[in-house]
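Each remark here refers to the structure printed beneath this line.
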Amino acid sequence: MLVSYKWLSEYLDLTAIKPKELADKMSLTGIEVEGTEVLSAGLKKIVVGEVKECVDHPDSDHLHICQVDVGEEELYQIVCGAPNVKAGIKVIVALPGARIAGNYKIKKGKIRGQVSLGMICSLQELGINESVVPKEFSDGIYYMPEEAVIGEEVFKYLDMDDTIIELSITPNRADALSMRGVAYEVGAIYDQKPHFKKEELVEDTSDSVENYVSVKVEDENDTPTYKMRVIKDVKIAPSPLWLQNRLRNEGIRPINNVVDVTNYILLYFGQPLHAFDQSKLTDKEILVRRAKAGETLVTLDEEERQLSSDNIVITNGGQPVALAGVMGGASTEIDDNTTSVALEAALFEPISIRRTSKEFNLRSESSARFEKGINKATVQQALDVASAMIAKLAGGIVVSGTVTGSEFIPEEVVVGITLERINGYLGTTLSVEEVNHIFEALGFEYEVLVHDYSVKIPPRRWDISIEADIIEEVARIFGYDNLPSTLPTGAATAGGLTTKQELTRVVRTTVEGSGLQEIISYALTTEEKSRQFNLVDSNITKLDWPMSEERSALRLSLISGLLDNVAYNIARKNTNLAFYEVGRVFLNNGNPLKELPTEENRLSVALTGSWVTKDWQTAKTPVDFFTLKGILENLFAKLGILETVTYEALGDVKELHPGRSAKIMLGDKLFGFIGQVHPQTAKTYDIPETYVAELSLDVISEFEHAALVFGAVSKFPEVNRDVALLVSEDVTNQQLSLDIHEAGGKFLIAIDLFDVYQGSTIEAGKKSMGYSLTFSNPEATLTDEEINKAMEKIEKKLVDEYQVEIR
């Protein structure tokens with residue numbers, strides 16, 4: 001709920017209360033404040049100007065050269081590209097040196113050879129969201145009112161000198177979803193009684209609403225209250241500026257003088273209204289009922305909705321014309337030709353409204369209020385005020401009378417409580433006089449006999465019905481910070497994460513940043529699956545009395561659970577998957593019947609499908625071994641162990657492809673593996689080509705690696721040299737990279753493999769590998785002689801070790 005400080009000030013005296021102070025006080029009394037925003041904050045030197053002359057730019061088909069009066073001796077020449085700029089209008093002008101939205105500074109300049117001294121602005125350029133800009137100005141500049149004084153700042157005309165307080169309203173405090181409700185709340189906090197201006201309703205007694213519409217409600221449980229008034233001879237036009245500003249500041253787009261009034265009443269009373277074009281109703285009778293299977297309705301957003309019996313609809317001539325409490329129908333929409341308005345005010349069954357809005361994904365301010373609750377005692381009042389405002393703003397005449405299909409009369413709620421009960425719960429020693437004062441501030445009528453209270457709850461506070469509610473209200477207004485408190489006794493222990501917990505947190509954050517999604521699988525699996533993907537010798541820990549064979553043994557690897565999840569998703573046509581799991585495996589090297597297993601924390605990953613999906617500019621990229629290896633190496637770099645990790649070929653795990661799998665070593669210790677699931681295993685799981693990896697987090701946490709050292713960026717240039725090697729196909733990139741690094745000396749800072757080739761143009765059993773080597777000396781510029789010496793050492797090392805041929 002967005003609350004305008006200026007609007008609230010019309011009902012209460014807030015002259016001595018600053019918006020920030022008010023926000024803090026409301027938070028302390030039970031309504032959470034998300035924040036406050038001064039709409040003009042960060043904007044400056046933005047004034048009212050008048051376009052005196054507007055001619056086309058000689059070198060452009062869409063720009064205009066405008067002479068603008070900004071209240072100074074000379075006119076300002078401003079080049080403007082807005083399609084709706086013209087002579088004779090008052091506009092928003094950002095002068096040279098001005099700051100507009102995004103902290104953008106306006107400077108003097110030239111646009112296609114023409115001097116431009118500032119900028120004629122749209123509302124969006126003042127930071128106003130496009131969704132609340134009137135449609136006639138959404139693609140151009142905004143017209144200021146004729147009464148705006150040239151040269152004055154625009155903020156007061158647009159109510160941008162207002163402060164907006166954003167409230168986070170909990171479901172039990174839906175009474176604060178209206179300005180009246182907030183005014184009562186603030187009045188209680190500051191011991192003031194809000195004063196609301198009365199709108200005088202003048203009716204045409206020579207005409208009756210029965211001449212235009214009649215209303216019938218099929219089920220009063222669905223629609224406890226349904227009322228209508230008719231306003232004739234209206235003239236549709238834009239709303240006055242004060243109303244447009246008020247709606248815009250509350251996050252609602254101004255539309256026209258009739259629809260804007262319904263939205264104003266929604267904010268003012270918390271009562272949703274709907275306006276029908278009465279002339280578009282094909283029948284006099286309005287019937288409120290449940291929709292029938294097969295019925296359809298085109299709503300105001302031009303979408304055709306398939307209705308069901310879960311939906312309450314407003315019908316006319318047997319056809320649905322509105323989705324009750326959610327959205328009106330396009331067939332009876334208010335438009336520029338409307339001359340007669342049928343205005344609806346109602347109460348609808350909250351659960352039905354919630355189901356309907358969820359079914360059609362039509363969450364609105366109206367549906368939210370129907371779901372959470374509405375003041376049932378002010379439906380008629382809201383309808384009367386809205387009718388009076390439409391007559392005033394649209395020049396219409398309110399037809400005599402209200403047609404009523406159903407009406408709910410709220411029962412009087414009286415709650416009994418004693419002073420001792422209040423003080424006993426709160427730990428206070430409040431007197432009768434103090435409690436009386438709190439009830440008076442809340443606007444609650446009461447009777448007190450000695451210490452026994454009988455409190456009459458006004459209908460606007462439908463959330464109060466029991467003793468505990470009364471105690472909460474007393475505590476809120478008395479002040480939670482004024483309640484007595486006692487400190488707990490005993491020693492306190494500072495909280496913190498263990499090394500393993502910190503590691504797990506970093507691992508989760510990093511792999512999720514790489515695009516993986518966490519899953520959680522069962523620790524219990526079948527005996528066969530528990531043996532799969534296991535590189536460590538271990539006995540299986542089985543349950544004596546398993547609930548099923550599917551959950552009979554503790555897992556030795558997380559991979560089988562991941563593959564079960566992959567299979568589940570593949571069966572449901574979810575084909576691009578990137579899963580990870582952090583969990584425990586259960587290893588047992590002793591007698592599993594006598595000894596408990598050792599629990600080891602591991603990370604497992606599974607990828608299948610496409611890593612990049614095809615679109616108009618990007619080719620489809622399927623996952624492969626190196627996609628997964630890149631994700632792991634990103635994690636290793638984050639953990640500071642990348643330089644210590646090496647890979648060794650792995651061919652003895654039958655569930656992995658023998659040519660596309662590897663052990664992962666941390667120093668000289670095995671701590672994981674990576675590879676493609678063997679096609680036979682994939683067939684068993686009924687999954688496509690899938691790549692998996694598993695790491696022991698316990699091994700990583702126990703590994704002592706060097707601390708991260710930061711160094712200054714070298715101011716001397718780097719030198720790149722490429723070298724191509726013809727080498728036996730049995731020699732790995734890892735072997736070559738380690739030897740190049742060893743022989744390259746201290747100035748070799750990077751080794752990148754950029755090419756691998758095998759084909760008919762080179763000797764069988766050989767492969768060509770191209771490397772890019774980067775050298776850098778942080779203290780001096782490297783010479784060719786130094787680089788050549790390093791290259792000679794590298795070439796000699798490789799020739800001696802692997803009999804390579806330098807190409």
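FYI, nothing fancy with the structure tokens labels: chains A, B, ... in order, residues from 1 per chain, ligands from 1 as they appear.
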
Task: Spatial neighbours of A:Glu136, 12 Å, only C-alpha atoms, chain gap at least 2 places, as a VMD selection string - done: chain A and resid 83 to 84 122 to 123 130 132 to 134 138 to 143 238 253 to 256

Would you export the selected residues with C-alpha atoms as an mmCIF file, in the first residue's frame, please?
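out_6.cif written:
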data_model
loop_
_atom_site.group_PDB
_atom_site.id
_atom_site.type_symbol
_atom_site.label_atom_id
_atom_site.label_comp_id
_atom_site.auth_asym_id
_atom_site.auth_seq_id
_atom_site.Cartn_x
_atom_site.Cartn_y
_atom_site.Cartn_z
ATOM 1 C CA PRO A 83 5.973 13.742 -31.845
ATOM 2 C CA ASN A 84 3.482 15.805 -29.832
ATOM 3 C CA SER A 122 8.424 13.477 -20.644
ATOM 4 C CA LEU A 123 7.186 12.185 -17.293
ATOM 5 C CA GLU A 130 5.834 4.373 -17.757
ATOM 6 C CA VAL A 132 1.369 5.120 -14.714
ATOM 7 C CA VAL A 133 1.871 7.737 -17.438
ATOM 8 C CA PRO A 134 -1.420 8.665 -19.204
ATOM 9 C CA SER A 138 3.269 7.735 -23.059
ATOM 10 C CA ASP A 139 5.184 8.267 -26.320
ATOM 11 C CA GLY A 140 5.874 11.964 -26.009
ATOM 12 C CA ILE A 141 6.301 14.956 -23.760
ATOM 13 C CA TYR A 142 3.835 15.930 -21.022
ATOM 14 C CA TYR A 143 1.637 19.032 -21.234
ATOM 15 C CA PRO A 238 -9.219 13.543 -18.724
ATOM 16 C CA ARG A 253 -2.418 5.069 -14.434
ATOM 17 C CA PRO A 254 -4.969 7.876 -14.967
ATOM 18 C CA ILE A 255 -7.469 6.936 -17.720
ATOM 19 C CA ASN A 256 -10.493 9.261 -17.703
#

- [ ] Based on DSSP run over this structure's backbone, return all residues of stretch 654-799 of chain A in strand (DSSP E), as an NGL selection string.
- [x] :A and (656-666 or 669-677 or 690-696 or 719-728 or 748-757 or 766-775)

TODO: For each of A:Arg460, A:Asp335, A:Glu412, A:Glu420, take the minimum atom-to-atom distance to A:Lys376, counting only C-alpha atoms, then give the residue where this is smallest.
DONE: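 The shortest atom-to-atom distance to A:Lys376 comes from A:Arg460.
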
- [ ] Return the single residue from A:Met119, A:Val448, A:Val47, A:Ile252 that is closest to A:Ser131, with distances computed using only C-alpha atoms.
- [x] A:Ile252

TODO: Compile the contact shell of stretch 107-115 of chain A as a VMD selection string: residues with an atom at most 12 Å away, counting only C-alpha atoms, same-chain residues fewer than 3 positions apart removed.
DONE: chain A and resid 45 56 to 67 76 to 81 94 to 100 104 118 to 119

Please dump the current selection as an mmCIF file, in the first residue's frame; keep N, CA and C atoms.
data_model
loop_
_atom_site.group_PDB
_atom_site.id
_atom_site.type_symbol
_atom_site.label_atom_id
_atom_site.label_comp_id
_atom_site.auth_asym_id
_atom_site.auth_seq_id
_atom_site.Cartn_x
_atom_site.Cartn_y
_atom_site.Cartn_z
ATOM 1 N N LYS A 45 16.584 21.954 -11.176
ATOM 2 C CA LYS A 45 16.553 22.860 -12.326
ATOM 3 C C LYS A 45 15.599 22.360 -13.417
ATOM 4 N N ASP A 56 10.201 22.548 -37.924
ATOM 5 C CA ASP A 56 10.912 21.309 -38.210
ATOM 6 C C ASP A 56 12.407 21.562 -38.343
ATOM 7 N N HIS A 57 13.181 20.607 -37.886
ATOM 8 C CA HIS A 57 14.643 20.664 -38.024
ATOM 9 C C HIS A 57 14.992 20.463 -39.500
ATOM 10 N N PRO A 58 15.851 21.324 -40.060
ATOM 11 C CA PRO A 58 16.141 21.206 -41.500
ATOM 12 C C PRO A 58 16.864 19.937 -41.893
ATOM 13 N N ASP A 59 17.566 19.299 -40.941
ATOM 14 C CA ASP A 59 18.356 18.109 -41.269
ATOM 15 C C ASP A 59 17.809 16.849 -40.614
ATOM 16 N N SER A 60 16.515 16.825 -40.317
ATOM 17 C CA SER A 60 15.931 15.647 -39.669
ATOM 18 C C SER A 60 14.462 15.533 -40.049
ATOM 19 N N ASP A 61 13.987 14.292 -40.107
ATOM 20 C CA ASP A 61 12.579 14.087 -40.441
ATOM 21 C C ASP A 61 11.703 13.940 -39.198
ATOM 22 N N HIS A 62 12.313 14.020 -37.994
ATOM 23 C CA HIS A 62 11.496 13.873 -36.786
ATOM 24 C C HIS A 62 11.830 14.895 -35.696
ATOM 25 N N LEU A 63 12.937 15.628 -35.817
ATOM 26 C CA LEU A 63 13.305 16.604 -34.794
ATOM 27 C C LEU A 63 12.625 17.943 -35.065
ATOM 28 N N HIS A 64 12.455 18.722 -33.974
ATOM 29 C CA HIS A 64 11.845 20.040 -34.065
ATOM 30 C C HIS A 64 12.717 21.038 -33.313
ATOM 31 N N ILE A 65 12.767 22.255 -33.829
ATOM 32 C CA ILE A 65 13.496 23.329 -33.159
ATOM 33 C C ILE A 65 12.465 24.216 -32.483
ATOM 34 N N CYS A 66 12.549 24.282 -31.154
ATOM 35 C CA CYS A 66 11.549 25.003 -30.373
ATOM 36 C C CYS A 66 12.176 26.217 -29.705
ATOM 37 N N GLN A 67 11.417 27.315 -29.685
ATOM 38 C CA GLN A 67 11.782 28.499 -28.916
ATOM 39 C C GLN A 67 10.892 28.482 -27.665
ATOM 40 N N TYR A 76 14.746 30.224 -24.847
ATOM 41 C CA TYR A 76 15.722 29.148 -24.976
ATOM 42 C C TYR A 76 15.402 28.352 -26.241
ATOM 43 N N GLN A 77 16.434 28.106 -27.057
ATOM 44 C CA GLN A 77 16.252 27.219 -28.211
ATOM 45 C C GLN A 77 16.534 25.795 -27.766
ATOM 46 N N ILE A 78 15.557 24.928 -27.958
ATOM 47 C CA ILE A 78 15.695 23.523 -27.552
ATOM 48 C C ILE A 78 15.278 22.643 -28.723
ATOM 49 N N VAL A 79 16.122 21.680 -29.063
ATOM 50 C CA VAL A 79 15.795 20.705 -30.096
ATOM 51 C C VAL A 79 15.072 19.534 -29.429
ATOM 52 N N CYS A 80 13.896 19.191 -29.942
ATOM 53 C CA CYS A 80 13.038 18.173 -29.319
ATOM 54 C C CYS A 80 12.578 17.175 -30.373
ATOM 55 N N GLY A 81 12.588 15.905 -30.019
ATOM 56 C CA GLY A 81 12.163 14.865 -30.956
ATOM 57 C C GLY A 81 10.801 14.293 -30.656
ATOM 58 N N ALA A 94 14.002 20.881 -18.658
ATOM 59 C CA ALA A 94 15.221 20.696 -17.874
ATOM 60 C C ALA A 94 16.261 21.666 -18.407
ATOM 61 N N LEU A 95 16.651 22.620 -17.595
ATOM 62 C CA LEU A 95 17.591 23.651 -18.016
ATOM 63 C C LEU A 95 19.016 23.093 -18.065
ATOM 64 N N PRO A 96 19.922 23.759 -18.748
ATOM 65 C CA PRO A 96 21.322 23.319 -18.710
ATOM 66 C C PRO A 96 21.814 23.232 -17.264
ATOM 67 N N GLY A 97 22.449 22.114 -16.930
ATOM 68 C CA GLY A 97 22.882 21.874 -15.558
ATOM 69 C C GLY A 97 21.873 21.109 -14.729
ATOM 70 N N ALA A 98 20.698 20.828 -15.306
ATOM 71 C CA ALA A 98 19.660 20.091 -14.578
ATOM 72 C C ALA A 98 20.047 18.629 -14.398
ATOM 73 N N ARG A 99 19.435 18.016 -13.373
ATOM 74 C CA ARG A 99 19.560 16.576 -13.151
ATOM 75 C C ARG A 99 18.185 15.958 -13.333
ATOM 76 N N ILE A 100 18.105 14.956 -14.229
ATOM 77 C CA ILE A 100 16.844 14.242 -14.429
ATOM 78 C C ILE A 100 17.005 12.819 -13.919
ATOM 79 N N TYR A 104 21.097 11.817 -14.571
ATOM 80 C CA TYR A 104 21.634 12.265 -15.857
ATOM 81 C C TYR A 104 21.662 13.788 -15.880
ATOM 82 N N GLY A 118 19.047 22.806 -23.295
ATOM 83 C CA GLY A 118 18.206 22.095 -22.346
ATOM 84 C C GLY A 118 17.427 20.979 -22.996
ATOM 85 N N MET A 119 16.333 20.605 -22.336
ATOM 86 C CA MET A 119 15.563 19.438 -22.790
ATOM 87 C C MET A 119 14.100 19.600 -22.394
#

Open item on the list: Please list as a count of residues only every residue within 6 Å of stretch 466-476 of chain A, counting only C-alpha atoms and excluding residues in the same chain fewer than 4 positions away.
Closed with: 3

- [ ] Find the spatial neighbours of A:Leu442, counting only C-alpha atoms, within a cut-off of 8 Å - ignore same-chain residues fewer than 2 positions away - and output them as a ChimeraX atom specification.
- [x] /A:184-185,187-188,438-440,444

- [ ] Can you check which residues of stretch 334-408 of chain A DSSP gives as alpha helix (DSSP H) on the backbone and send them as a PyMOL selection string?
- [x] chain A and resi 350-359+365-372+379-394

- [ ] Skip A:Leu419 itself and residues of its chain fewer than 4 positions away, then list as a ChimeraX atom specification all residues within 12 Å of it, counting only C-alpha atoms.
- [x] /A:423-436,448-454,467,470-471,474

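Using only C-alpha atoms, the smallest distance between any of A:Lys789, A:Ser661, A:His274, A:Tyr647 and A:Asn733 comes from A:Tyr647.
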